[in-house]
>>> print(open('upload_37.txt').read())   # compact mmCIF, C-alpha atoms
# COMPACT_ATOMS: atom_id res chain seq x y z
CA MET Q 1 -11.89 120.69 -24.34
CA ALA Q 2 -13.31 121.85 -21.04
CA LYS Q 3 -10.74 120.26 -18.78
CA THR Q 4 -7.05 120.65 -19.32
CA ALA Q 5 -5.01 118.08 -17.49
CA THR Q 6 -1.70 119.11 -16.04
CA PRO Q 7 1.26 116.94 -17.12
CA SER Q 8 1.63 115.58 -13.58
CA ALA Q 9 -1.94 114.25 -13.72
CA VAL Q 10 -1.06 111.87 -16.57
CA GLN Q 11 -0.90 108.39 -15.11
CA ALA Q 12 1.77 105.97 -16.23
CA PHE Q 13 0.91 102.30 -16.46
CA THR Q 14 2.89 99.15 -17.13
CA ILE Q 15 2.29 96.96 -20.12
CA GLN Q 16 3.79 93.68 -21.20
CA LEU Q 17 5.29 93.73 -24.67
CA ILE Q 18 6.27 90.38 -26.22
CA VAL Q 19 8.67 90.99 -29.07
CA SER Q 20 9.86 88.50 -31.67
CA ARG Q 21 13.66 88.43 -31.52
CA PHE Q 22 16.00 86.98 -34.11
CA ASN Q 23 19.78 87.22 -34.13
CA PRO Q 24 21.09 85.83 -37.43
CA GLU Q 25 24.50 85.08 -35.85
CA THR Q 26 23.20 82.82 -33.09
CA ASP Q 27 19.57 81.90 -33.77
CA GLU Q 28 18.12 79.34 -36.15
CA GLU Q 29 14.55 80.50 -35.50
CA SER Q 30 13.07 83.63 -34.05
CA ARG Q 31 12.00 83.53 -30.40
CA TRP Q 32 9.65 85.59 -28.21
CA GLU Q 33 11.04 87.84 -25.51
CA SER Q 34 8.90 89.59 -22.92
CA PHE Q 35 9.47 93.16 -21.67
CA ASP Q 36 7.59 95.16 -19.05
CA VAL Q 37 7.43 98.79 -20.09
CA GLU Q 38 6.03 101.81 -18.28
CA VAL Q 39 4.06 103.95 -20.72
CA PHE Q 40 1.60 106.82 -20.84
CA SER Q 41 -1.77 106.71 -22.55
CA THR Q 42 -0.40 109.09 -25.17
CA ASP Q 43 2.39 106.64 -26.10
CA ARG Q 44 2.50 104.58 -29.24
CA VAL Q 45 3.95 101.11 -29.74
CA LEU Q 46 7.01 102.81 -31.23
CA ASP Q 47 7.56 104.73 -27.97
CA ALA Q 48 7.42 101.47 -26.03
CA LEU Q 49 9.98 99.92 -28.40
CA HIS Q 50 12.20 102.99 -27.92
CA LYS Q 51 11.97 102.61 -24.14
CA ILE Q 52 13.06 98.99 -24.41
CA LYS Q 53 15.97 99.88 -26.69
CA TRP Q 54 17.09 102.90 -24.66
CA GLU Q 55 16.51 101.61 -21.14
CA GLN Q 56 16.42 97.80 -21.15
CA ASP Q 57 18.06 96.09 -24.14
CA GLY Q 58 20.05 98.14 -26.64
CA SER Q 59 20.32 95.20 -29.00
CA LEU Q 60 16.63 95.35 -29.95
CA THR Q 61 16.62 96.18 -33.66
CA PHE Q 62 13.86 97.85 -35.63
CA ARG Q 63 13.49 100.42 -38.41
CA ARG Q 64 11.99 103.82 -37.92
CA SER Q 65 12.71 107.15 -39.45
CA CYS Q 66 10.18 109.96 -39.24
CA ALA Q 67 8.12 108.32 -36.45
CA HIS Q 68 5.00 110.14 -37.67
CA GLY Q 69 3.36 107.81 -40.17
CA VAL Q 70 4.84 109.29 -43.33
CA CYS Q 71 8.13 107.52 -44.12
CA GLY Q 72 6.74 103.97 -43.93
CA SER Q 73 9.74 102.47 -42.15
CA ASP Q 74 8.17 100.89 -39.08
CA ALA Q 75 5.49 98.58 -40.45
CA MET Q 76 5.29 95.57 -38.14
CA ARG Q 77 2.85 92.91 -37.07
CA ILE Q 78 1.21 94.10 -33.83
CA ASN Q 79 -1.18 91.63 -32.21
CA GLY Q 80 -1.36 89.75 -35.51
CA ARG Q 81 -2.20 92.76 -37.65
CA ASN Q 82 0.11 94.75 -39.89
CA ARG Q 83 0.33 98.33 -38.65
CA LEU Q 84 2.76 101.21 -38.33
CA ALA Q 85 4.23 101.17 -34.83
CA CYS Q 86 4.27 104.99 -34.89
CA LYS Q 87 0.52 105.22 -35.60
CA THR Q 88 -0.68 102.60 -33.12
CA LEU Q 89 -1.59 104.06 -29.73
CA ILE Q 90 -1.05 101.58 -26.92
CA LYS Q 91 -4.32 102.62 -25.26
CA ASP Q 92 -6.19 101.49 -28.39
CA LEU Q 93 -4.89 97.94 -27.89
CA ASP Q 94 -6.10 95.54 -25.21
CA ILE Q 95 -3.54 96.31 -22.48
CA THR Q 96 -4.94 93.70 -20.09
CA LYS Q 97 -3.14 91.16 -22.28
CA PRO Q 98 0.44 91.19 -23.53
CA ILE Q 99 1.01 93.02 -26.82
CA TYR Q 100 2.74 90.87 -29.41
CA VAL Q 101 5.10 92.58 -31.86
CA GLU Q 102 6.83 90.76 -34.69
CA ALA Q 103 8.32 91.49 -38.10
CA ILE Q 104 6.10 91.66 -41.17
CA LYS Q 105 5.75 88.29 -42.87
CA GLY Q 106 6.68 87.05 -46.32
CA LEU Q 107 10.01 88.86 -46.68
CA PRO Q 108 13.40 87.47 -45.56
CA LEU Q 109 13.96 88.18 -41.85
CA GLU Q 110 17.28 89.92 -41.17
CA LYS Q 111 17.21 90.76 -37.47
CA ASP Q 112 14.50 91.15 -34.80
CA LEU Q 113 11.88 93.34 -36.52
CA ILE Q 114 13.87 94.09 -39.69
CA VAL Q 115 13.18 92.29 -42.95
CA ASP Q 116 14.92 92.49 -46.32
CA MET Q 117 12.70 94.86 -48.33
CA GLU Q 118 14.53 94.25 -51.62
CA PRO Q 119 12.04 91.76 -53.16
CA PHE Q 120 9.29 94.24 -52.31
CA PHE Q 121 11.06 97.14 -54.01
CA ALA Q 122 12.06 94.94 -56.96
CA ALA Q 123 8.37 94.29 -57.71
CA TYR Q 124 7.71 98.02 -57.20
CA ARG Q 125 10.40 99.00 -59.72
CA GLU Q 126 9.10 96.48 -62.22
CA VAL Q 127 5.81 98.35 -62.75
CA LYS Q 128 7.77 101.54 -63.75
CA PRO Q 129 6.47 103.81 -60.98
CA PHE Q 130 7.43 107.08 -62.65
CA LEU Q 131 5.85 109.41 -65.20
CA ILE Q 132 6.45 108.37 -68.81
CA ALA Q 133 5.22 111.12 -71.11
CA ASN Q 134 5.72 111.28 -74.86
CA SER Q 135 4.96 114.97 -75.10
CA LYS Q 136 6.80 117.95 -73.68
CA PRO Q 137 4.88 120.54 -71.70
CA GLU Q 138 4.66 124.02 -73.17
CA LYS Q 139 7.79 125.99 -72.42
CA GLY Q 140 7.74 127.27 -68.90
CA LYS Q 141 4.44 125.52 -68.10
CA GLU Q 142 3.48 122.47 -66.12
CA ARG Q 143 1.47 119.51 -67.38
CA LEU Q 144 -2.10 120.51 -66.62
CA GLN Q 145 -4.71 118.14 -65.28
CA SER Q 146 -8.37 118.68 -64.39
CA ILE Q 147 -9.60 118.08 -60.86
CA GLU Q 148 -11.78 115.21 -62.17
CA ASN Q 149 -8.82 113.49 -63.86
CA ARG Q 150 -6.73 113.82 -60.74
CA GLU Q 151 -9.56 112.42 -58.61
CA ILE Q 152 -9.43 109.05 -60.45
CA PHE Q 153 -6.07 108.05 -58.94
CA ASP Q 154 -6.06 110.28 -55.86
CA ASP Q 155 -6.40 107.34 -53.46
CA THR Q 156 -3.35 105.49 -54.76
CA THR Q 157 -1.08 108.54 -54.50
CA LYS Q 158 -1.20 108.13 -50.71
CA CYS Q 159 1.06 105.04 -50.66
CA ILE Q 160 4.15 105.35 -48.45
CA LEU Q 161 5.66 101.97 -49.46
CA CYS Q 162 5.62 100.57 -45.93
CA ALA Q 163 4.82 97.05 -47.25
CA ALA Q 164 2.03 96.51 -44.70
CA CYS Q 165 -0.36 95.49 -47.51
CA THR Q 166 1.97 93.22 -49.49
CA THR Q 167 3.12 91.38 -46.37
CA SER Q 168 -0.47 90.84 -45.21
CA CYS Q 169 -1.40 89.14 -48.49
CA PRO Q 170 -1.72 85.34 -48.20
CA VAL Q 171 -0.92 84.93 -51.89
CA PHE Q 172 2.35 86.85 -51.42
CA TRP Q 173 3.19 84.62 -48.43
CA THR Q 174 3.10 81.46 -50.58
CA ASP Q 175 6.14 81.99 -52.78
CA GLY Q 176 6.76 85.75 -52.92
CA GLN Q 177 6.48 85.69 -56.73
CA TYR Q 178 3.22 87.68 -56.81
CA PHE Q 179 3.76 91.38 -57.58
CA GLY Q 180 1.82 92.19 -54.42
CA PRO Q 181 -0.74 94.89 -53.61
CA ALA Q 182 1.75 97.75 -53.19
CA ALA Q 183 3.28 97.34 -56.66
CA ILE Q 184 -0.20 97.21 -58.22
CA VAL Q 185 -1.31 100.27 -56.23
CA ASN Q 186 1.68 102.22 -57.53
CA ALA Q 187 1.05 101.00 -61.08
CA HIS Q 188 -2.58 102.15 -60.64
CA ARG Q 189 -1.31 105.62 -59.66
CA PHE Q 190 0.31 106.04 -63.11
CA ILE Q 191 -2.02 103.89 -65.26
CA PHE Q 192 -4.94 106.20 -64.47
CA ASP Q 193 -2.90 109.43 -64.67
CA SER Q 194 -4.05 111.42 -67.73
CA ARG Q 195 -0.55 112.93 -68.11
CA ASP Q 196 1.09 109.51 -68.47
CA ASP Q 197 1.46 107.73 -71.81
CA SER Q 198 2.64 104.28 -70.74
CA ALA Q 199 -0.51 102.77 -69.24
CA LYS Q 200 -0.57 99.99 -71.87
CA GLU Q 201 2.97 98.94 -71.02
CA ARG Q 202 2.17 98.72 -67.30
CA LEU Q 203 -1.07 96.83 -67.96
CA GLU Q 204 0.90 94.33 -70.03
CA ILE Q 205 3.41 93.91 -67.17
CA LEU Q 206 0.59 93.21 -64.71
CA ASN Q 207 -1.27 90.90 -67.14
CA ASP Q 208 1.12 88.21 -65.98
CA LYS Q 209 0.88 84.81 -64.35
CA GLU Q 210 2.12 86.53 -61.16
CA GLY Q 211 0.22 89.75 -61.87
CA VAL Q 212 -3.27 90.97 -60.99
CA TRP Q 213 -4.91 87.58 -61.65
CA ARG Q 214 -3.39 86.09 -58.51
CA CYS Q 215 -5.41 88.50 -56.36
CA ARG Q 216 -8.12 86.55 -54.54
CA THR Q 217 -9.82 89.68 -53.09
CA THR Q 218 -9.31 88.65 -49.46
CA PHE Q 219 -9.14 92.36 -48.49
CA ASN Q 220 -6.22 91.79 -46.07
CA CYS Q 221 -4.35 94.57 -47.89
CA SER Q 222 -7.18 97.11 -47.57
CA GLU Q 223 -7.43 96.37 -43.85
CA ALA Q 224 -3.67 96.59 -43.33
CA CYS Q 225 -3.07 99.88 -45.16
CA PRO Q 226 -2.14 102.55 -42.57
CA ARG Q 227 -3.07 105.23 -45.11
CA GLY Q 228 -6.57 103.87 -45.66
CA ILE Q 229 -6.04 103.20 -49.37
CA GLN Q 230 -8.79 101.02 -50.85
CA VAL Q 231 -6.16 98.59 -52.14
CA THR Q 232 -8.47 95.78 -53.24
CA GLN Q 233 -10.58 98.27 -55.18
CA ALA Q 234 -7.48 99.64 -56.92
CA ILE Q 235 -6.44 96.09 -57.90
CA SER Q 236 -9.94 95.42 -59.26
CA GLU Q 237 -9.77 98.63 -61.31
CA VAL Q 238 -6.45 97.48 -62.77
CA LYS Q 239 -7.98 94.06 -63.59
CA ALA Q 240 -10.85 95.79 -65.43
CA ALA Q 241 -8.33 98.01 -67.26
CA VAL Q 242 -6.30 94.96 -68.34
CA LEU Q 243 -9.47 93.41 -69.80
CA ARG Q 244 -10.30 96.69 -71.61
CA GLY Q 245 -6.68 97.01 -72.74
CA ARG Q 246 -6.64 100.69 -71.70
CA PRO Q 247 -7.16 102.70 -68.50
CA MET S 1 14.97 124.49 -67.63
CA SER S 2 14.74 121.14 -69.31
CA THR S 3 12.60 118.19 -68.23
CA VAL S 4 14.25 115.55 -66.09
CA ALA S 5 15.18 112.42 -68.01
CA ALA S 6 13.58 109.12 -67.02
CA PRO S 7 15.49 107.26 -64.29
CA ARG S 8 18.29 105.14 -65.67
CA THR S 9 18.54 102.71 -62.78
CA PRO S 10 18.38 99.29 -64.37
CA ALA S 11 15.18 97.52 -63.36
CA ARG S 12 15.13 93.92 -62.26
CA PRO S 13 15.71 91.76 -65.35
CA ALA S 14 12.42 91.47 -67.22
CA ARG S 15 10.38 88.36 -66.67
CA PRO S 16 10.64 86.00 -69.64
CA ALA S 17 8.27 87.02 -72.43
CA ARG S 18 5.03 85.10 -72.52
CA ARG S 19 4.22 82.98 -75.50
CA GLY S 20 0.77 81.89 -76.64
CA ILE S 21 -2.47 82.42 -74.77
CA ASN S 22 -2.59 84.13 -71.36
CA TRP S 23 -4.35 81.34 -69.44
CA GLU S 24 -4.45 83.21 -66.15
CA LYS S 25 -6.49 86.02 -67.67
CA TRP S 26 -8.91 83.69 -69.46
CA GLY S 27 -9.17 81.46 -66.39
CA TRP S 28 -10.14 84.51 -64.33
CA MET S 29 -12.75 85.53 -66.95
CA TYR S 30 -14.06 81.97 -67.15
CA MET S 31 -14.64 81.81 -63.38
CA ARG S 32 -16.74 84.96 -63.44
CA ILE S 33 -18.80 84.16 -66.55
CA SER S 34 -19.41 80.49 -65.68
CA GLY S 35 -20.25 81.52 -62.11
CA VAL S 36 -23.07 83.79 -63.28
CA VAL S 37 -24.43 81.15 -65.72
CA LEU S 38 -24.18 78.43 -63.05
CA VAL S 39 -26.27 80.45 -60.60
CA VAL S 40 -29.14 80.36 -63.14
CA LEU S 41 -28.58 76.72 -64.13
CA ILE S 42 -28.25 75.33 -60.60
CA PHE S 43 -31.14 77.25 -59.07
CA GLY S 44 -33.30 76.39 -62.11
CA HIS S 45 -32.35 72.74 -61.65
CA LEU S 46 -33.17 72.80 -57.93
CA PHE S 47 -36.44 74.65 -58.50
CA VAL S 48 -37.67 72.21 -61.17
CA ASN S 49 -36.62 69.12 -59.20
CA LEU S 50 -37.61 70.11 -55.69
CA MET S 51 -40.19 72.89 -55.76
CA ILE S 52 -42.72 72.59 -58.56
CA GLY S 53 -45.24 69.74 -58.96
CA HIS S 54 -45.06 67.15 -56.22
CA GLY S 55 -41.74 68.47 -54.99
CA VAL S 56 -38.98 66.17 -53.82
CA LYS S 57 -41.36 63.19 -53.61
CA ALA S 58 -41.72 63.22 -57.40
CA ILE S 59 -38.08 62.20 -57.92
CA ASP S 60 -37.78 58.57 -58.96
CA PHE S 61 -36.43 56.65 -61.97
CA ALA S 62 -39.34 57.76 -64.15
CA PHE S 63 -38.82 61.44 -63.25
CA VAL S 64 -35.10 61.39 -64.07
CA ALA S 65 -35.54 59.25 -67.18
CA GLY S 66 -38.29 61.54 -68.39
CA LYS S 67 -36.06 64.59 -67.97
CA LEU S 68 -33.08 62.99 -69.68
CA ALA S 69 -35.28 62.00 -72.65
CA ASN S 70 -36.05 65.69 -73.23
CA PRO S 71 -33.51 67.57 -75.45
CA PHE S 72 -34.03 70.75 -73.43
CA TRP S 73 -32.91 69.11 -70.19
CA GLN S 74 -30.12 67.26 -71.99
CA VAL S 75 -28.63 70.59 -73.07
CA TRP S 76 -29.31 72.12 -69.61
CA ASP S 77 -27.59 69.24 -67.79
CA THR S 78 -24.67 69.13 -70.23
CA LEU S 79 -24.02 72.83 -69.72
CA MET S 80 -24.28 72.43 -65.96
CA LEU S 81 -21.92 69.46 -65.98
CA TRP S 82 -19.22 71.07 -68.11
CA LEU S 83 -19.36 74.55 -66.59
CA ALA S 84 -19.43 73.31 -62.99
CA LEU S 85 -16.67 70.72 -63.36
CA ILE S 86 -14.31 73.07 -65.17
CA HIS S 87 -15.18 75.84 -62.67
CA GLY S 88 -14.45 73.54 -59.74
CA ALA S 89 -11.27 72.10 -61.27
CA ASN S 90 -9.94 75.58 -62.08
CA GLY S 91 -10.66 76.64 -58.50
CA MET S 92 -8.74 73.62 -57.20
CA ARG S 93 -5.90 74.51 -59.59
CA THR S 94 -5.61 78.03 -58.19
CA ILE S 95 -5.61 76.61 -54.66
CA THR S 96 -2.71 74.29 -55.52
CA ASN S 97 -0.90 77.23 -57.15
CA ASP S 98 -1.38 79.23 -53.93
CA TYR S 99 -0.53 76.57 -51.36
CA VAL S 100 1.73 73.93 -52.92
CA SER S 101 5.31 75.17 -52.93
CA SER S 102 6.92 72.01 -54.33
CA VAL S 103 7.06 72.07 -58.14
CA ALA S 104 6.78 68.27 -58.42
CA TRP S 105 3.84 68.00 -56.03
CA GLY S 106 2.12 70.87 -57.80
CA ARG S 107 2.39 69.02 -61.12
CA VAL S 108 1.11 65.77 -59.61
CA LEU S 109 -1.88 67.46 -57.97
CA ARG S 110 -2.78 69.55 -61.02
CA GLY S 111 -2.52 66.39 -63.14
CA ALA S 112 -4.83 64.51 -60.76
CA ILE S 113 -7.34 67.41 -60.80
CA ALA S 114 -7.29 67.53 -64.62
CA PHE S 115 -7.69 63.75 -64.85
CA ALA S 116 -10.63 63.70 -62.42
CA ALA S 117 -12.37 66.58 -64.18
CA ILE S 118 -11.92 65.11 -67.67
CA ALA S 119 -13.02 61.62 -66.57
CA LEU S 120 -16.17 63.00 -64.88
CA ILE S 121 -17.00 65.21 -67.87
CA VAL S 122 -16.63 62.29 -70.31
CA LEU S 123 -18.64 59.86 -68.17
CA GLY S 124 -21.33 62.42 -67.39
CA THR S 125 -21.74 63.46 -71.01
CA LEU S 126 -21.91 59.80 -72.02
CA VAL S 127 -24.70 59.20 -69.50
CA ILE S 128 -26.72 62.22 -70.64
CA TYR S 129 -26.71 61.22 -74.33
CA THR S 130 -26.77 57.40 -74.14
CA PHE S 131 -29.24 57.02 -71.30
CA ASP S 132 -32.07 54.57 -72.12
CA PRO S 133 -35.28 55.77 -70.44
CA CYS S 134 -37.13 52.54 -71.35
CA PRO S 135 -34.91 49.58 -70.40
CA ASN S 136 -36.19 46.00 -70.68
CA VAL S 137 -37.58 45.21 -67.23
CA PRO S 138 -39.76 42.42 -65.83
CA ALA S 139 -43.46 43.08 -66.24
CA ASP S 140 -44.03 43.89 -62.56
CA GLN S 141 -41.58 46.81 -62.79
CA ILE S 142 -43.03 48.45 -65.90
CA SER S 143 -44.94 50.85 -63.65
CA LEU S 144 -41.60 52.33 -62.56
CA LEU S 145 -40.75 53.51 -66.09
CA PRO S 146 -41.77 56.86 -67.57
CA SER S 147 -45.32 56.95 -68.88
CA PHE S 148 -44.22 57.26 -72.53
CA CYS S 149 -42.52 53.80 -72.39
CA ARG S 150 -45.89 52.11 -72.01
CA ALA S 151 -47.38 53.77 -75.06
>>> encode(input="upload_37.txt", output="structure tokens")
Amino acid sequence: MAKTATPSAVQAFTIQLIVSRFNPETDEESRWESFDVEVFSTDRVLDALHKIKWEQDGSLTFRRSCAHGVCGSDAMRINGRNRLACKTLIKDLDITKPIYVEAIKGLPLEKDLIVDMEPFFAAYREVKPFLIANSKPEKGKERLQSIENREIFDDTTKCILCAACTTSCPVFWTDGQYFGPAAIVNAHRFIFDSRDDSAKERLEILNDKEGVWRCRTTFNCSEACPRGIQVTQAISEVKAAVLRGRP
Amino acid sequence: MSTVAAPRTPARPARPARRGINWEKWGWMYMRISGVVLVVLIFGHLFVNLMIGHGVKAIDFAFVAGKLANPFWQVWDTLMLWLALIHGANGMRTITNDYVSSVAWGRVLRGAIAFAAIALIVLGTLVIYTFDPCPNVPADQISLLPSFCRA
């Protein structure tokens, strides 16, 4: 970093943000609404949404919590791709055209950019995403695991349950019965954990008509994941484990 | 310090228990296995018909009749017919499962796919095993028959 720019040197520019709005009390269908927002090149889509809410239209509704890509609250469809609004820099998008922001697809729309996440979490709960161990660790000790054994499921521990993958999956869009990539990723995290004893049970749950076999390997989920999890690969590993009958 | 008990939050009511064979799993396996076998069968078929000998110009009634009179090609073609039609029909079935939301329409379409596949398999198999390579033809057309018919 040879040059250090002074704050006053940062140029603001105006972008057009077209946001999908839906008010359940008055609207039958969602509609597009355009906003002109002044932003800096360091701003993210979330900052632009904040500016709209704080300065232009307080009724704009969206979820966000940590605003730093960890809590997984603000997954939305930005220019047709599922991303986290807090991890998408506006300067990385094509600002010569309007930026389209809408709610993630495949889950019931509640208001503006907020969807009902319950079906998503129901599928997540169904794969028993918690450690089930038959043995007790030695008194005062932790359950030990080698670096190699931990490495097997390291990728799937990164999931933040933002639903970007599941709501990018065309199979999930059809009827919402499919478990979805996120539930399978979180099953993968425990199926391949050497400290867990319930892999067989989870494999049986996913060996279902609506389980891993509905995956068509379109890779939408891997592309959508803001954490870079190789979701399609994880699903394929679970498929192979179901065929083997063990992790 | 004791270990924390497993969460007691009731999960979503369990999906109804499956009975019988898991068709989705076997369908998935079938697509992969038949796909690999079909690559060999189809490219072998194309190579023998189009590449070796006189190439595509060699294909006429005598060529096809000669092949279908050979048990090796009868088995080859039967395998190709069954594997490819079931592979294609199963693919169409998964597409209807993915795209057709109406239960009634789904049943109708899956029924039509099954009917078409079964009818084609039956007719095709019938042709392979009942085909007469030496039909009774007028004398001026005998040259069109395979060479072994004239013996």
>>> residues_around(input="upload_37.txt", residues="Ala12 of chain Q", least_positions_apart="4", cutoff="9 Å", atoms="only C-alpha atoms", output="ChimeraX atom specification")
/Q:38-41
>>> atom_distance(input="upload_37.txt", atom1="atom CA of Ala183 of chain Q", atom2="atom CA of Arg125 of chain Q")
7.9 Å
>>> interface_residues(input="upload_37.txt", of="chain Q", to="chain S", cutoff="7 Å", atoms="only C-alpha atoms", output="PyMOL selection string")
chain Q and resi 122+125-126+171+174-175+209+213
>>> atom_distance(input="upload_37.txt", atom1="atom CA of Lys141 of chain Q", atom2="atom CA of Asp193 of chain Q")
18.0 Å
>>> atom_distance(input="upload_37.txt", atom1="atom CA of Asp60 of chain S", atom2="atom CA of Ser143 of chain S")
11.5 Å
>>> closest_residue(input="upload_37.txt", among="S:Ala117, S:Cys149, S:Thr130, S:Ile59", to="Leu46 of chain S", atoms="all atoms listed in the file")
S:Ile59
>>> axis_aligned_box(input="upload_37.txt", around="segment 143-147 of chain Q", padding_each_side="3 Å", output="JSON")
{"center_x": -4.1, "center_y": 119.3, "center_z": -64.1, "size_x": 17.1, "size_y": 8.4, "size_z": 12.5}
>>> residues_around(input="upload_37.txt", residues="segment 97-102 of chain Q", least_positions_apart="2", cutoff="9 Å", atoms="all atoms listed in the file", output="list in words")
Ile15, Gln16, Leu17, Ile18, Val19, Ser20, Arg21, Trp32, Ser34, Val45, Met76, Arg77, Ile78, Asn79, Gly80, Ile90, Leu93, Asp94, Ile95, Ile104, Lys105, Asp112 and Leu113 of chain Q
>>> residues_around(input="upload_37.txt", residues="Leu109 of chain S", least_positions_apart="4", cutoff="9 Å", atoms="only C-alpha atoms", output="compact mmCIF listing (two decimals) with C-alpha atoms, in the coordinates of the input")
# COMPACT_ATOMS: atom_id res chain seq x y z
CA ARG S 93 -5.90 74.51 -59.59
CA THR S 96 -2.71 74.29 -55.52
CA VAL S 100 1.73 73.93 -52.92
CA ALA S 104 6.78 68.27 -58.42
CA TRP S 105 3.84 68.00 -56.03
CA ILE S 113 -7.34 67.41 -60.80
CA ALA S 114 -7.29 67.53 -64.62
>>> residues_around(input="upload_37.txt", residues="segment 128-136 of chain Q", least_positions_apart="5", cutoff="8 Å", atoms="all atoms listed in the file", output="number ranges by chain")
Q: 186-187, 190, 195-198, 202; S: 3, 6
>>> closest_residue(input="upload_37.txt", among="Q:Ile184, Q:Glu201, Q:Asn23, Q:Glu223", to="Lys239 of chain Q", atoms="all atoms listed in the file")
Q:Ile184
>>> closest_residue(input="upload_37.txt", among="Q:Val238, Q:Ala48, Q:Cys169, Q:Ile152", to="His188 of chain Q", atoms="all atoms listed in the file")
Q:Val238
>>> residues_around(input="upload_37.txt", residues="Leu89 of chain Q", least_positions_apart="6", cutoff="7 Å", atoms="all atoms listed in the file", output="PDB file with C-alpha atoms, keeping the file's coordinate frame")
ATOM      1  CA  THR Q  42      -0.400 109.090 -25.170  1.00  0.00           C
ATOM      2  CA  ASP Q  43       2.390 106.640 -26.100  1.00  0.00           C
ATOM      3  CA  ARG Q  44       2.500 104.580 -29.240  1.00  0.00           C
ATOM      4  CA  VAL Q  45       3.950 101.110 -29.740  1.00  0.00           C
TER       5      VAL Q  45
END
>>> closest_residue(input="upload_37.txt", among="Q:Ala103, Q:Leu206, Q:Val70, Q:Ala241", to="Ser30 of chain Q", atoms="only C-alpha atoms")
Q:Ala103
>>> decode(input="upload_37.txt", residues="segment 129-141 of chain Q", atoms="N, CA and C atoms", output="mmCIF file, in the first residue's frame")
data_model
loop_
_atom_site.group_PDB
_atom_site.id
_atom_site.type_symbol
_atom_site.label_atom_id
_atom_site.label_comp_id
_atom_site.auth_asym_id
_atom_site.auth_seq_id
_atom_site.Cartn_x
_atom_site.Cartn_y
_atom_site.Cartn_z
ATOM 1 N N PRO Q 129 -28.918 -32.667 13.479
ATOM 2 C CA PRO Q 129 -27.614 -31.999 13.358
ATOM 3 C C PRO Q 129 -26.940 -31.742 14.704
ATOM 4 N N PHE Q 130 -26.750 -32.795 15.480
ATOM 5 C CA PHE Q 130 -26.069 -32.636 16.767
ATOM 6 C C PHE Q 130 -25.329 -33.936 17.056
ATOM 7 N N LEU Q 131 -24.318 -33.858 17.912
ATOM 8 C CA LEU Q 131 -23.503 -35.038 18.197
ATOM 9 C C LEU Q 131 -24.317 -36.086 18.949
ATOM 10 N N ILE Q 132 -24.320 -37.313 18.434
ATOM 11 C CA ILE Q 132 -24.939 -38.433 19.140
ATOM 12 C C ILE Q 132 -23.821 -39.432 19.398
ATOM 13 N N ALA Q 133 -23.402 -39.534 20.651
ATOM 14 C CA ALA Q 133 -22.297 -40.425 20.992
ATOM 15 C C ALA Q 133 -22.773 -41.443 22.021
ATOM 16 N N ASN Q 134 -22.414 -42.698 21.800
ATOM 17 C CA ASN Q 134 -22.814 -43.749 22.734
ATOM 18 C C ASN Q 134 -21.878 -43.848 23.926
ATOM 19 N N SER Q 135 -20.644 -43.364 23.731
ATOM 20 C CA SER Q 135 -19.664 -43.490 24.808
ATOM 21 C C SER Q 135 -19.516 -42.166 25.546
ATOM 22 N N LYS Q 136 -18.992 -42.261 26.771
ATOM 23 C CA LYS Q 136 -18.719 -41.030 27.513
ATOM 24 C C LYS Q 136 -17.220 -40.771 27.465
ATOM 25 N N PRO Q 137 -16.824 -39.519 27.318
ATOM 26 C CA PRO Q 137 -15.381 -39.256 27.321
ATOM 27 C C PRO Q 137 -14.816 -39.535 28.711
ATOM 28 N N GLU Q 138 -13.542 -39.810 28.761
ATOM 29 C CA GLU Q 138 -12.861 -40.025 30.035
ATOM 30 C C GLU Q 138 -13.112 -38.833 30.948
ATOM 31 N N LYS Q 139 -13.225 -39.086 32.226
ATOM 32 C CA LYS Q 139 -13.581 -38.005 33.144
ATOM 33 C C LYS Q 139 -12.603 -36.839 33.032
ATOM 34 N N GLY Q 140 -13.191 -35.677 32.822
ATOM 35 C CA GLY Q 140 -12.364 -34.484 32.749
ATOM 36 C C GLY Q 140 -11.652 -34.294 31.426
ATOM 37 N N LYS Q 141 -11.920 -35.181 30.438
ATOM 38 C CA LYS Q 141 -11.246 -35.068 29.138
ATOM 39 C C LYS Q 141 -12.278 -34.728 28.056
#
